[in-house]
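J.: Dropping in query28.cif, which is mmCIF, C-alpha atoms and all ligand atoms:
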```cif
data_data
#
loop_
_atom_site.label_atom_id
_atom_site.label_comp_id
_atom_site.auth_asym_id
_atom_site.auth_seq_id
_atom_site.Cartn_x
_atom_site.Cartn_y
_atom_site.Cartn_z
CA MET A 29 -66.66 62.39 -54.05
CA SER A 30 -69.71 61.54 -56.15
CA TYR A 31 -70.84 58.61 -54.00
CA GLY A 32 -69.38 56.03 -56.37
CA THR A 33 -70.89 57.82 -59.39
CA LYS A 34 -74.45 57.61 -58.10
CA GLY A 35 -75.13 61.17 -59.29
CA MET A 36 -75.39 62.45 -62.84
CA ALA A 37 -72.48 64.62 -63.95
CA PHE A 38 -69.64 62.10 -63.47
CA THR A 39 -71.65 58.95 -64.14
CA GLU A 40 -70.92 56.79 -67.15
CA TYR A 41 -73.53 56.73 -69.90
CA GLY A 42 -75.85 53.75 -69.43
CA PRO A 43 -79.20 52.74 -67.93
CA TYR A 44 -78.48 54.12 -64.45
CA TRP A 45 -77.44 57.54 -65.76
CA ARG A 46 -80.51 57.59 -68.06
CA HIS A 47 -82.88 57.00 -65.15
CA ILE A 48 -81.25 59.56 -62.89
CA ARG A 49 -81.20 62.14 -65.66
CA LYS A 50 -84.87 61.49 -66.42
CA LEU A 51 -85.79 61.74 -62.77
CA CYS A 52 -83.94 65.06 -62.33
CA THR A 53 -85.34 66.50 -65.55
CA LEU A 54 -88.93 65.56 -64.70
CA GLN A 55 -88.96 66.11 -60.94
CA LEU A 56 -86.46 68.91 -60.26
CA LEU A 57 -85.66 70.88 -63.39
CA CYS A 58 -88.90 70.83 -65.39
CA PRO A 59 -90.50 74.16 -66.40
CA SER A 60 -93.24 73.93 -63.74
CA LYS A 61 -90.68 73.36 -60.96
CA ILE A 62 -88.53 76.26 -62.22
CA GLU A 63 -91.65 78.41 -62.27
CA ALA A 64 -92.57 77.34 -58.72
CA PHE A 65 -89.32 78.88 -57.47
CA ALA A 66 -89.91 82.22 -59.21
CA PRO A 67 -91.17 83.91 -55.99
CA LEU A 68 -88.02 82.73 -54.19
CA ARG A 69 -85.77 84.26 -56.87
CA ARG A 70 -87.84 87.44 -56.86
CA GLU A 71 -87.48 87.76 -53.09
CA GLU A 72 -83.72 87.13 -53.11
CA VAL A 73 -83.08 89.52 -56.02
CA GLY A 74 -85.20 92.13 -54.20
CA LEU A 75 -83.06 91.78 -51.05
CA PHE A 76 -79.93 91.98 -53.19
CA VAL A 77 -81.03 95.22 -54.90
CA ARG A 78 -81.99 96.74 -51.54
CA SER A 79 -78.57 96.00 -50.07
CA LEU A 80 -76.87 97.51 -53.14
CA LYS A 81 -79.11 100.54 -52.81
CA LYS A 82 -77.84 101.03 -49.28
CA ALA A 83 -74.25 100.78 -50.50
CA ALA A 84 -75.09 103.35 -53.20
CA ALA A 85 -76.51 105.77 -50.63
CA ALA A 86 -73.33 105.39 -48.55
CA GLY A 87 -71.14 105.96 -51.64
CA GLU A 88 -69.47 102.58 -51.14
CA VAL A 89 -67.45 100.56 -53.63
CA VAL A 90 -68.99 97.09 -53.84
CA ASP A 91 -67.22 93.75 -54.27
CA LEU A 92 -69.54 92.53 -57.01
CA SER A 93 -67.97 89.08 -57.27
CA GLU A 94 -68.68 88.49 -53.60
CA LYS A 95 -72.18 89.99 -53.71
CA VAL A 96 -73.28 88.10 -56.82
CA GLY A 97 -71.79 84.87 -55.41
CA GLY A 98 -73.87 85.41 -52.24
CA LEU A 99 -77.06 85.96 -54.23
CA VAL A 100 -76.65 82.78 -56.31
CA GLU A 101 -75.72 80.80 -53.21
CA ASP A 102 -78.83 81.90 -51.34
CA ILE A 103 -81.10 81.10 -54.30
CA THR A 104 -79.46 77.69 -54.78
CA TYR A 105 -79.45 76.64 -51.13
CA ARG A 106 -83.07 77.64 -50.62
CA MET A 107 -84.17 75.81 -53.77
CA VAL A 108 -82.15 72.64 -53.16
CA LEU A 109 -81.91 72.41 -49.37
CA GLY A 110 -84.77 74.62 -48.27
CA ARG A 111 -82.56 76.87 -46.16
CA LYS A 112 -80.09 79.67 -46.54
CA ASN A 113 -76.47 79.19 -45.68
CA ASP A 114 -75.79 79.81 -42.05
CA ASP A 115 -72.69 79.75 -39.94
CA MET A 116 -73.36 76.22 -38.81
CA PHE A 117 -72.29 74.89 -42.19
CA ASN A 118 -69.38 76.17 -44.19
CA LEU A 119 -71.23 75.19 -47.34
CA LYS A 120 -69.50 77.70 -49.56
CA GLY A 121 -65.99 76.59 -48.61
CA THR A 122 -67.01 72.94 -48.92
CA VAL A 123 -68.51 73.34 -52.39
CA GLU A 124 -65.55 75.44 -53.54
CA GLU A 125 -63.11 72.77 -52.39
CA THR A 126 -65.22 70.09 -54.14
CA LEU A 127 -65.21 72.02 -57.41
CA PHE A 128 -61.51 72.71 -57.16
CA LEU A 129 -60.71 69.04 -56.57
CA ALA A 130 -63.05 67.91 -59.37
CA GLY A 131 -61.17 70.10 -61.85
CA ALA A 132 -57.63 69.72 -60.44
CA PHE A 133 -54.87 68.34 -62.66
CA ASN A 134 -54.02 65.02 -61.04
CA ILE A 135 -50.71 63.47 -62.12
CA GLY A 136 -51.98 60.05 -61.08
CA ASP A 137 -54.65 60.22 -63.84
CA TYR A 138 -51.94 60.40 -66.50
CA VAL A 139 -49.16 58.33 -64.90
CA PRO A 140 -51.26 55.63 -63.23
CA PHE A 141 -48.42 53.91 -61.35
CA LEU A 142 -47.91 57.19 -59.41
CA SER A 143 -51.56 57.26 -58.39
CA PRO A 144 -51.21 55.26 -55.12
CA LEU A 145 -48.50 57.70 -53.96
CA ASP A 146 -50.96 60.63 -54.13
CA LEU A 147 -48.02 62.98 -54.67
CA GLN A 148 -50.17 66.14 -54.69
CA GLY A 149 -52.25 65.07 -51.68
CA LEU A 150 -55.43 65.37 -53.77
CA ALA A 151 -56.85 61.96 -52.83
CA LYS A 152 -56.40 62.80 -49.15
CA ARG A 153 -58.24 66.08 -49.62
CA MET A 154 -60.99 64.33 -51.58
CA LYS A 155 -61.53 61.80 -48.80
CA ARG A 156 -61.66 64.57 -46.22
CA ILE A 157 -64.11 66.71 -48.18
CA SER A 158 -66.40 63.79 -49.05
CA LYS A 159 -66.70 63.05 -45.32
CA THR A 160 -67.59 66.70 -44.58
CA ILE A 161 -70.16 66.76 -47.38
CA ASP A 162 -71.72 63.55 -46.18
CA GLN A 163 -72.09 64.82 -42.60
CA LEU A 164 -73.64 67.99 -43.88
CA PHE A 165 -76.18 66.20 -46.08
CA GLU A 166 -77.02 63.77 -43.28
CA LYS A 167 -77.88 66.71 -41.05
CA ILE A 168 -80.01 68.42 -43.67
CA ILE A 169 -81.80 65.20 -44.66
CA GLY A 170 -82.39 64.43 -40.96
CA GLU A 171 -84.02 67.84 -40.49
CA HIS A 172 -86.26 67.25 -43.50
CA GLU A 173 -87.29 63.84 -42.19
CA GLN A 174 -88.30 65.43 -38.89
CA VAL A 175 -90.41 68.03 -40.65
CA SER A 176 -91.93 65.37 -42.88
CA LYS A 177 -92.87 63.20 -39.86
CA SER A 178 -94.54 66.15 -38.20
CA GLY A 179 -96.64 66.66 -41.37
CA GLN A 180 -95.54 70.29 -41.78
CA VAL A 181 -94.16 69.72 -45.27
CA GLN A 182 -97.70 69.39 -46.67
CA GLY A 183 -98.46 72.96 -45.70
CA ARG A 184 -95.48 74.44 -47.57
CA SER A 185 -96.19 76.24 -50.82
CA HIS A 186 -93.40 74.41 -52.62
CA LYS A 187 -91.13 71.50 -51.87
CA ASP A 188 -87.36 71.93 -52.04
CA PHE A 189 -85.22 69.34 -53.85
CA VAL A 190 -84.55 67.37 -50.64
CA ASP A 191 -88.32 67.02 -50.05
CA VAL A 192 -88.89 65.83 -53.61
CA LEU A 193 -86.07 63.28 -53.49
CA LEU A 194 -87.08 61.98 -50.06
CA SER A 195 -90.62 61.45 -51.32
CA LEU A 196 -89.14 58.97 -53.83
CA ILE A 197 -86.96 57.07 -51.39
CA HIS A 198 -87.00 53.25 -51.42
CA GLN A 199 -88.96 53.38 -54.67
CA PRO A 200 -87.72 51.91 -57.94
CA LEU A 201 -86.30 54.43 -60.41
CA ASN A 202 -87.38 52.20 -63.30
CA PRO A 203 -90.24 49.93 -62.18
CA ASN A 204 -90.82 48.28 -65.55
CA ASN A 205 -87.28 47.21 -66.32
CA GLU A 206 -85.42 43.98 -65.74
CA GLN A 207 -82.61 45.51 -63.70
CA VAL A 208 -84.37 47.70 -61.16
CA TYR A 209 -82.56 50.59 -59.41
CA ILE A 210 -83.95 51.62 -56.06
CA MET A 211 -83.66 55.20 -54.84
CA GLU A 212 -81.70 55.08 -51.59
CA ARG A 213 -80.22 57.69 -49.30
CA THR A 214 -76.87 57.57 -51.11
CA ASN A 215 -78.56 58.32 -54.43
CA VAL A 216 -80.33 61.29 -52.83
CA LYS A 217 -77.04 62.69 -51.51
CA ALA A 218 -75.23 62.17 -54.82
CA ILE A 219 -77.98 64.02 -56.72
CA LEU A 220 -78.03 66.86 -54.20
CA LEU A 221 -74.29 67.30 -54.59
CA ASP A 222 -74.64 67.49 -58.38
CA MET A 223 -77.42 70.04 -58.12
CA ILE A 224 -75.49 72.27 -55.73
CA SER A 225 -72.18 72.07 -57.53
CA GLY A 226 -73.89 72.46 -60.93
CA ALA A 227 -75.72 75.59 -59.85
CA PHE A 228 -73.31 77.17 -57.43
CA ASP A 229 -70.46 78.59 -59.45
CA THR A 230 -71.86 78.58 -62.97
CA SER A 231 -74.50 81.30 -62.79
CA ALA A 232 -72.39 83.59 -60.58
CA THR A 233 -69.38 83.28 -62.90
CA ALA A 234 -71.55 84.09 -65.94
CA ILE A 235 -73.05 87.17 -64.24
CA VAL A 236 -69.68 88.54 -63.12
CA TRP A 237 -68.05 88.13 -66.56
CA THR A 238 -71.01 89.79 -68.28
CA LEU A 239 -70.94 92.72 -65.89
CA THR A 240 -67.19 93.06 -66.39
CA GLU A 241 -67.68 93.21 -70.17
CA LEU A 242 -70.47 95.76 -69.76
CA LEU A 243 -68.22 97.96 -67.62
CA ARG A 244 -65.48 97.66 -70.24
CA HIS A 245 -67.91 98.60 -72.99
CA PRO A 246 -69.99 101.64 -71.96
CA ARG A 247 -71.68 101.69 -75.39
CA VAL A 248 -73.17 98.24 -74.80
CA MET A 249 -74.10 99.12 -71.19
CA LYS A 250 -75.94 102.24 -72.40
CA HIS A 251 -77.76 100.32 -75.12
CA LEU A 252 -78.88 97.69 -72.60
CA GLN A 253 -80.06 100.33 -70.12
CA GLU A 254 -82.06 101.96 -72.92
CA GLU A 255 -83.73 98.65 -73.75
CA LEU A 256 -84.60 98.10 -70.08
CA GLN A 257 -85.90 101.64 -69.73
CA SER A 258 -88.16 101.34 -72.76
CA VAL A 259 -89.54 97.87 -71.88
CA ILE A 260 -89.81 98.18 -68.08
CA GLY A 261 -89.96 101.93 -67.40
CA MET A 262 -88.08 103.61 -64.56
CA ASP A 263 -90.44 102.89 -61.71
CA ARG A 264 -90.00 99.18 -61.02
CA MET A 265 -87.53 96.32 -60.97
CA VAL A 266 -87.29 93.72 -63.75
CA GLU A 267 -89.54 90.66 -63.32
CA GLU A 268 -89.02 87.20 -64.83
CA SER A 269 -92.05 87.73 -67.07
CA ASP A 270 -90.20 90.67 -68.71
CA LEU A 271 -87.23 88.53 -69.79
CA PRO A 272 -88.65 87.26 -73.13
CA LYS A 273 -89.11 90.89 -74.21
CA LEU A 274 -85.44 91.78 -73.59
CA GLY A 275 -83.80 90.81 -76.89
CA TYR A 276 -80.63 92.85 -76.42
CA LEU A 277 -80.09 91.40 -72.94
CA SER A 278 -80.23 87.93 -74.43
CA MET A 279 -77.61 88.90 -77.07
CA VAL A 280 -75.37 90.37 -74.37
CA VAL A 281 -75.50 87.11 -72.38
CA LYS A 282 -74.74 85.03 -75.49
CA GLU A 283 -71.77 87.22 -76.35
CA SER A 284 -70.44 86.96 -72.82
CA LEU A 285 -70.79 83.15 -72.81
CA ARG A 286 -68.97 83.03 -76.17
CA LEU A 287 -65.90 84.80 -74.77
CA HIS A 288 -66.16 83.44 -71.23
CA PRO A 289 -67.72 79.96 -71.32
CA VAL A 290 -68.25 78.97 -67.70
CA ALA A 291 -67.04 75.40 -68.33
CA PRO A 292 -64.28 76.01 -70.92
CA LEU A 293 -63.68 72.30 -71.62
CA LEU A 294 -67.24 71.22 -70.70
CA ILE A 295 -67.29 68.16 -68.43
CA PRO A 296 -64.90 65.46 -69.72
CA HIS A 297 -66.62 63.11 -72.16
CA GLU A 298 -65.68 59.57 -73.20
CA SER A 299 -65.84 58.07 -76.68
CA MET A 300 -68.12 55.04 -76.77
CA GLU A 301 -66.66 53.51 -79.93
CA ASP A 302 -63.61 53.83 -82.20
CA ILE A 303 -64.10 56.85 -84.45
CA THR A 304 -62.16 58.92 -86.96
CA VAL A 305 -62.61 62.69 -86.81
CA GLU A 306 -61.07 64.65 -89.68
CA GLY A 307 -58.40 61.99 -90.17
CA PHE A 308 -57.62 61.52 -86.46
CA ASP A 309 -58.28 58.08 -85.01
CA VAL A 310 -59.94 58.30 -81.61
CA PRO A 311 -60.05 54.94 -79.84
CA LYS A 312 -63.02 53.78 -77.81
CA LYS A 313 -63.01 54.97 -74.17
CA SER A 314 -60.72 57.97 -74.82
CA ARG A 315 -61.21 60.96 -72.59
CA ILE A 316 -62.50 63.80 -74.76
CA PHE A 317 -62.31 67.48 -73.97
CA ILE A 318 -64.34 69.92 -76.06
CA ASN A 319 -62.52 73.25 -76.03
CA THR A 320 -65.45 75.69 -76.21
CA TRP A 321 -63.17 78.52 -75.11
CA ALA A 322 -61.03 78.11 -78.25
CA ILE A 323 -64.07 77.65 -80.53
CA GLY A 324 -65.53 80.90 -79.15
CA ARG A 325 -62.37 82.78 -80.12
CA ASP A 326 -61.71 81.16 -83.48
CA PRO A 327 -61.64 83.79 -86.28
CA LYS A 328 -62.49 81.06 -88.83
CA VAL A 329 -65.80 80.63 -87.02
CA TRP A 330 -66.56 84.16 -85.83
CA SER A 331 -64.88 86.50 -88.35
CA GLU A 332 -62.23 89.12 -87.80
CA ASN A 333 -63.61 90.95 -84.75
CA VAL A 334 -63.57 87.73 -82.75
CA GLU A 335 -61.89 89.23 -79.65
CA GLU A 336 -64.31 92.14 -79.53
CA PHE A 337 -67.34 92.14 -77.19
CA PHE A 338 -70.00 92.81 -79.81
CA PRO A 339 -73.50 91.46 -78.93
CA GLU A 340 -74.91 92.72 -82.25
CA ARG A 341 -73.26 89.73 -83.97
CA PHE A 342 -76.30 87.73 -82.75
CA ILE A 343 -78.83 90.18 -84.16
CA ASP A 344 -80.29 87.84 -86.78
CA GLY A 345 -81.10 85.33 -84.01
CA ASN A 346 -79.77 82.33 -85.96
CA ILE A 347 -77.45 81.03 -83.25
CA ASP A 348 -78.99 79.77 -80.04
CA LEU A 349 -77.62 78.31 -76.83
CA ARG A 350 -79.30 74.93 -76.88
CA GLY A 351 -76.38 73.08 -78.40
CA HIS A 352 -77.69 72.96 -81.97
CA ASP A 353 -75.07 75.44 -83.14
CA PHE A 354 -71.67 73.93 -82.52
CA GLN A 355 -69.88 77.30 -82.62
CA LEU A 356 -71.55 78.26 -79.31
CA LEU A 357 -71.74 75.49 -76.71
CA PRO A 358 -71.73 77.07 -73.22
CA PHE A 359 -74.22 74.42 -72.02
CA GLY A 360 -72.72 71.54 -74.04
CA SER A 361 -74.78 69.63 -76.54
CA GLY A 362 -76.78 66.44 -76.91
CA ARG A 363 -77.78 64.04 -74.17
CA ARG A 364 -75.00 65.13 -71.75
CA GLY A 365 -75.76 68.83 -72.24
CA CYS A 366 -76.71 70.84 -69.16
CA PRO A 367 -80.13 69.71 -67.91
CA ALA A 368 -80.66 73.04 -66.12
CA MET A 369 -80.01 75.50 -68.94
CA GLN A 370 -83.38 77.22 -68.52
CA LEU A 371 -82.91 77.59 -64.79
CA GLY A 372 -79.34 78.89 -65.20
CA LEU A 373 -80.30 81.38 -67.90
CA THR A 374 -83.28 82.66 -65.91
CA THR A 375 -81.12 83.36 -62.86
CA VAL A 376 -78.36 84.97 -64.93
CA ARG A 377 -80.71 87.21 -66.95
CA LEU A 378 -82.84 88.24 -63.98
CA ALA A 379 -79.90 89.21 -61.77
CA LEU A 380 -78.06 90.99 -64.59
CA ALA A 381 -81.11 92.89 -65.80
CA ASN A 382 -81.73 94.23 -62.30
CA LEU A 383 -78.10 95.15 -61.69
CA VAL A 384 -78.06 97.17 -64.89
CA HIS A 385 -81.59 98.58 -64.67
CA CYS A 386 -81.56 99.67 -61.02
CA PHE A 387 -78.02 101.12 -60.96
CA ASN A 388 -75.43 103.05 -62.88
CA TRP A 389 -71.95 101.67 -62.22
CA ASP A 390 -68.65 103.54 -61.91
CA LEU A 391 -65.24 101.98 -61.63
CA PRO A 392 -63.30 102.72 -58.43
CA SER A 393 -60.80 105.57 -58.20
CA GLY A 394 -59.98 106.57 -61.72
CA LEU A 395 -59.79 103.04 -63.16
CA LYS A 396 -60.47 103.21 -66.90
CA PRO A 397 -62.78 100.64 -68.55
CA LYS A 398 -60.00 99.36 -70.79
CA ASP A 399 -57.76 98.76 -67.74
CA LEU A 400 -60.18 96.31 -66.07
CA ASP A 401 -58.39 93.09 -65.21
CA MET A 402 -59.59 90.18 -67.38
CA THR A 403 -57.36 87.41 -66.00
CA GLU A 404 -59.07 84.02 -65.87
CA LYS A 405 -58.76 81.45 -63.11
CA PHE A 406 -58.67 77.99 -64.67
CA GLY A 407 -60.54 75.06 -63.14
CA LEU A 408 -63.60 73.02 -64.00
CA SER A 409 -65.15 76.47 -64.28
CA LEU A 410 -63.41 79.56 -65.59
CA SER A 411 -64.01 82.39 -63.15
CA LYS A 412 -62.53 85.88 -63.01
CA ALA A 413 -59.24 85.66 -61.12
CA ILE A 414 -59.54 89.10 -59.52
CA HIS A 415 -62.78 90.23 -57.93
CA LEU A 416 -64.82 92.88 -59.73
CA PHE A 417 -65.31 96.11 -57.78
CA ALA A 418 -67.61 98.99 -58.78
CA MET A 419 -69.61 101.84 -57.26
CA PRO A 420 -73.40 101.85 -57.74
CA THR A 421 -75.74 104.84 -58.12
CA TYR A 422 -79.44 104.07 -57.83
CA ARG A 423 -81.28 105.11 -60.98
CA LEU A 424 -84.96 104.11 -60.60
CA CYS A 425 -87.63 106.70 -59.72
CA ASN A 426 -89.32 104.63 -57.04
CA GLN A 427 -87.92 104.19 -53.55
CA LEU A 428 -87.83 100.48 -52.71
CA SER A 429 -89.03 99.98 -49.17
C1 LIG B 501 -75.33 79.64 -66.40
C2 LIG B 501 -75.46 78.50 -65.75
C3 LIG B 501 -74.93 77.16 -66.21
C4 LIG B 501 -74.01 76.84 -67.16
C5 LIG B 501 -73.23 77.79 -68.08
C6 LIG B 501 -73.89 75.39 -67.18
C7 LIG B 501 -73.05 74.67 -68.03
C8 LIG B 501 -72.96 73.30 -68.06
C9 LIG B 501 -72.10 72.55 -68.94
C10 LIG B 501 -71.15 73.17 -69.96
C11 LIG B 501 -72.28 71.23 -68.70
C12 LIG B 501 -71.54 70.06 -69.37
C13 LIG B 501 -72.14 69.75 -70.70
C14 LIG B 501 -71.32 68.77 -71.49
O1 LIG B 501 -70.27 68.32 -71.02
O2 LIG B 501 -71.71 68.47 -72.63
C15 LIG B 501 -73.27 71.12 -67.65
C16 LIG B 501 -73.73 69.92 -67.14
C17 LIG B 501 -74.53 69.83 -66.02
N1 LIG B 501 -75.12 70.88 -65.36
FE1 LIG B 501 -75.04 72.85 -65.88
N2 LIG B 501 -74.72 74.86 -66.23
C18 LIG B 501 -75.38 75.90 -65.60
C19 LIG B 501 -76.31 75.79 -64.60
C20 LIG B 501 -76.66 74.62 -63.96
C21 LIG B 501 -77.56 74.51 -62.84
C22 LIG B 501 -78.32 75.70 -62.24
C23 LIG B 501 -77.61 73.18 -62.47
C24 LIG B 501 -78.39 72.49 -61.38
C25 LIG B 501 -79.39 72.97 -60.71
C26 LIG B 501 -76.75 72.46 -63.39
C27 LIG B 501 -76.54 71.09 -63.35
C28 LIG B 501 -75.80 70.37 -64.28
C29 LIG B 501 -75.65 68.91 -64.25
C30 LIG B 501 -76.24 67.96 -63.21
C31 LIG B 501 -74.85 68.58 -65.35
C32 LIG B 501 -74.41 67.17 -65.77
C33 LIG B 501 -75.37 66.59 -66.79
C34 LIG B 501 -75.04 65.17 -67.23
O3 LIG B 501 -73.90 64.72 -67.10
O4 LIG B 501 -75.95 64.49 -67.74
N3 LIG B 501 -76.19 73.36 -64.27
N4 LIG B 501 -73.67 72.38 -67.28
#
```
Reformat the file's structure so that it appears as structure tokens.
Ligand code: HEM
T.:
Amino acid sequence: MSYGTKGMAFTEYGPYWRHIRKLCTLQLLCPSKIEAFAPLRREEVGLFVRSLKKAAAAGEVVDLSEKVGGLVEDITYRMVLGRKNDDMFNLKGTVEETLFLAGAFNIGDYVPFLSPLDLQGLAKRMKRISKTIDQLFEKIIGEHEQVSKSGQVQGRSHKDFVDVLLSLIHQPLNPNNEQVYIMERTNVKAILLDMISGAFDTSATAIVWTLTELLRHPRVMKHLQEELQSVIGMDRMVEESDLPKLGYLSMVVKESLRLHPVAPLLIPHESMEDITVEGFDVPKKSRIFINTWAIGRDPKVWSENVEEFFPERFIDGNIDLRGHDFQLLPFGSGRRGCPAMQLGLTTVRLALANLVHCFNWDLPSGLKPKDLDMTEKFGLSLSKAIHLFAMPTYRLCNQLS
């Protein structure tokens, strides 16, 4: 499914991974590239708020899981592929199936002699989905090549990820090294798949869990609305440039990621040498899972009120999300940590801030905050099992056109 590990996330540590990671960090996920897509995010969040405003005027209950998922999808597809999802491609279903299969418990991994039997039918599904993905990418790349030939790409204000990667095709990834890797079409497709699957579910899951916690804790919701009101005022939406001024919002997101880490066991790691950790011998090449979910709920680490949603625990600002503080690792740590943390956090904070600033939210038909369902759906990512529904009331003074 990952083109013979030609992407980043499932590729073994070594020179190839290092070059791909460097390329993605410098060309796709660097601060200037993230900044270049700010107008795109602004436009999509604007459309999102307008559609919620309509629902508010009609007194509708909104499926927030679905809506937020749609917003993140649109932002991701436009940034990576240069187009929104349309009916021609069932991108959403395809990516969901890919993520499910990547995180599925496969008996063959643990009892290798059963592997060829494919008892759960997972290998068959993987082969099928990798074919679908490949056809889809071929079509999108083909369209980009057409546009590039016609010279139109030069006139665009920013290049999407496909444009950037195609501009590097047939070139060496590491010109000065002995073993040279050349960027080919397969590498482009593998990287695109990583970018889409990395971005797709993560930000939406984080937004939905945070909103759920805010609805369960009206005190925190009120405090956050007060911060937004005092920093932004009541006559406009939140802009990305406002985010550094929103200290309480940042604490709320940290607290939510502590209790609901999007990737509860991170991505599986592998030990590179024999090591002993607190008396346990871990042989070289063991598969290592880091249970961030358990660390986030460990009273020895977080004190007695560990199960409580209490953003104020971060008030002294000593614990950050960059992987330096091992008690909070929602983006992992070290060289395999998430290369897109800034991008992910910007999307999460911007969408959340606007949801909370532009609307008051009521739970449907008499549901009490404490009765909100908190069941988790386990996979590579840990999403909310049951969709979140709530009823918006528009609260800004201005009338968005
Ligand atoms: C709130 C949003 C996000 C969260 C919580 C998140 C979380 C993570 C985590 C936990 C890992 C594994 C770290 C480890 O195992 O040590 C990871 C890796 C990765 N993420 Fe993210 N991520 C987010 C957004 C994104 C976005 C937007 C992209 C792409 C545009 C992305 C692309 C990747 C890639 C490619 C890797 C693999 C890195 C490698 O193996 O070197 N992530 N992410």
J.: If we count only C-alpha atoms, what is near A:Thr375 at a cut-off of 8 Å, once residues fewer than 4 positions away on the same chain are taken out, given as number ranges by chain?
T.: A: 69, 100, 231, 371, 379
J.: Residues of chain A that have any atom at most 8 Å from an atom of ligand LIG 501 (chain B): could you tabulate them with the shortest-distance atom pair and the distance in Å to one decimal, using all atoms listed in the file, ordered by chain and increasing number, as CSV?
T.:
```
residue,atom,partner,partner_atom,distance
A:Gly35,CA,B:LIG501,C30,7.9
A:Met36,CA,B:LIG501,O3,5.1
A:Ala37,CA,B:LIG501,O3,3.5
A:Phe38,CA,B:LIG501,O3,6.2
A:Thr39,CA,B:LIG501,O3,6.9
A:Trp45,CA,B:LIG501,O4,7.4
A:Arg49,CA,B:LIG501,O4,6.1
A:Leu57,CA,B:LIG501,C25,7.1
A:Thr104,CA,B:LIG501,C25,7.6
A:Ile219,CA,B:LIG501,C30,7.8
A:Asp222,CA,B:LIG501,C30,5.1
A:Met223,CA,B:LIG501,C24,4.2
A:Ile224,CA,B:LIG501,C24,6.4
A:Ser225,CA,B:LIG501,C24,7.3
A:Gly226,CA,B:LIG501,C26,3.8
A:Ala227,CA,B:LIG501,C22,3.5
A:Phe228,CA,B:LIG501,C22,7.1
A:Thr230,CA,B:LIG501,C2,4.5
A:Ser231,CA,B:LIG501,C1,4.1
A:Ala232,CA,B:LIG501,C1,7.6
A:Thr233,CA,B:LIG501,C1,7.8
A:Ala234,CA,B:LIG501,C1,5.9
A:Leu285,CA,B:LIG501,C5,7.6
A:Pro289,CA,B:LIG501,C5,6.8
A:Val290,CA,B:LIG501,C5,5.1
A:Ala291,CA,B:LIG501,C10,5.0
A:Pro292,CA,B:LIG501,C10,7.5
A:Leu293,CA,B:LIG501,C10,7.7
A:Leu294,CA,B:LIG501,O1,4.2
A:Ile295,CA,B:LIG501,O1,4.0
A:Pro296,CA,B:LIG501,O1,6.2
A:His297,CA,B:LIG501,O1,6.5
A:Ile318,CA,B:LIG501,O1,7.9
A:Leu357,CA,B:LIG501,C10,7.2
A:Pro358,CA,B:LIG501,C10,5.1
A:Phe359,CA,B:LIG501,C10,3.9
A:Gly360,CA,B:LIG501,O2,3.5
A:Ser361,CA,B:LIG501,O2,5.1
A:Gly362,CA,B:LIG501,O2,6.9
A:Arg363,CA,B:LIG501,O4,6.7
A:Arg364,CA,B:LIG501,O4,4.2
A:Gly365,CA,B:LIG501,C13,4.0
A:Cys366,CA,B:LIG501,C16,3.7
A:Pro367,CA,B:LIG501,C28,5.7
A:Ala368,CA,B:LIG501,C21,4.7
A:Met369,CA,B:LIG501,C19,5.7
A:Leu371,CA,B:LIG501,C22,5.6
A:Gly372,CA,B:LIG501,C2,3.9
A:Leu373,CA,B:LIG501,C1,5.5
A:Thr375,CA,B:LIG501,C1,7.7
A:Val376,CA,B:LIG501,C1,6.3
```
J.: Would you please work out which residue, of A:Arg46, A:Arg264, A:Lys120, A:Arg247, is nearest to A:Phe338 when using all atoms listed in the file?
T.: A:Arg247
J.: Got a sec: who's within 7 Å of A:Arg325, counting all atoms listed in the file, leaving out chain neighbours fewer than 6 positions off, as a ChimeraX atom specification?
T.: /A:287,334-335
J.: Between atom CA of A:Leu92 and atom CA of A:Gly394, what is the distance in Å, rounded to a tenth?
T.: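 Interatomic distance here is 17.6 Å.
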J.: Between A:Arg70, A:Lys313, A:Lys250, A:Lys217, which one has atoms that come closest to A:His385, using all atoms listed in the file?
T.: A:Lys250
J.: Between atom CA of A:Gly42 and atom CA of A:Val216, what is the distance, to one decimal in Å?
T.: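 Distance reported for this atom pair: 18.8 Å.
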J.: N, CA and C atoms are needed for stretch 381-386 of chain A; please write them out as an mmCIF file, in the frame of the given file.
T.:
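The resulting file, out_37.cif, is reproduced below:
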```cif
data_model
loop_
_atom_site.group_PDB
_atom_site.id
_atom_site.type_symbol
_atom_site.label_atom_id
_atom_site.label_comp_id
_atom_site.auth_asym_id
_atom_site.auth_seq_id
_atom_site.Cartn_x
_atom_site.Cartn_y
_atom_site.Cartn_z
ATOM 1 N N ALA A 381 -80.186 91.834 -65.383
ATOM 2 C CA ALA A 381 -81.110 92.890 -65.800
ATOM 3 C C ALA A 381 -81.325 93.857 -64.641
ATOM 4 N N ASN A 382 -81.482 93.332 -63.430
ATOM 5 C CA ASN A 382 -81.730 94.230 -62.300
ATOM 6 C C ASN A 382 -80.492 95.034 -61.907
ATOM 7 N N LEU A 383 -79.338 94.414 -62.003
ATOM 8 C CA LEU A 383 -78.100 95.150 -61.690
ATOM 9 C C LEU A 383 -77.934 96.354 -62.626
ATOM 10 N N VAL A 384 -78.285 96.136 -63.888
ATOM 11 C CA VAL A 384 -78.060 97.170 -64.890
ATOM 12 C C VAL A 384 -79.206 98.192 -64.912
ATOM 13 N N HIS A 385 -80.422 97.697 -64.632
ATOM 14 C CA HIS A 385 -81.590 98.580 -64.670
ATOM 15 C C HIS A 385 -81.668 99.469 -63.421
ATOM 16 N N CYS A 386 -81.379 98.915 -62.279
ATOM 17 C CA CYS A 386 -81.560 99.670 -61.020
ATOM 18 C C CYS A 386 -80.374 100.591 -60.716
#
```
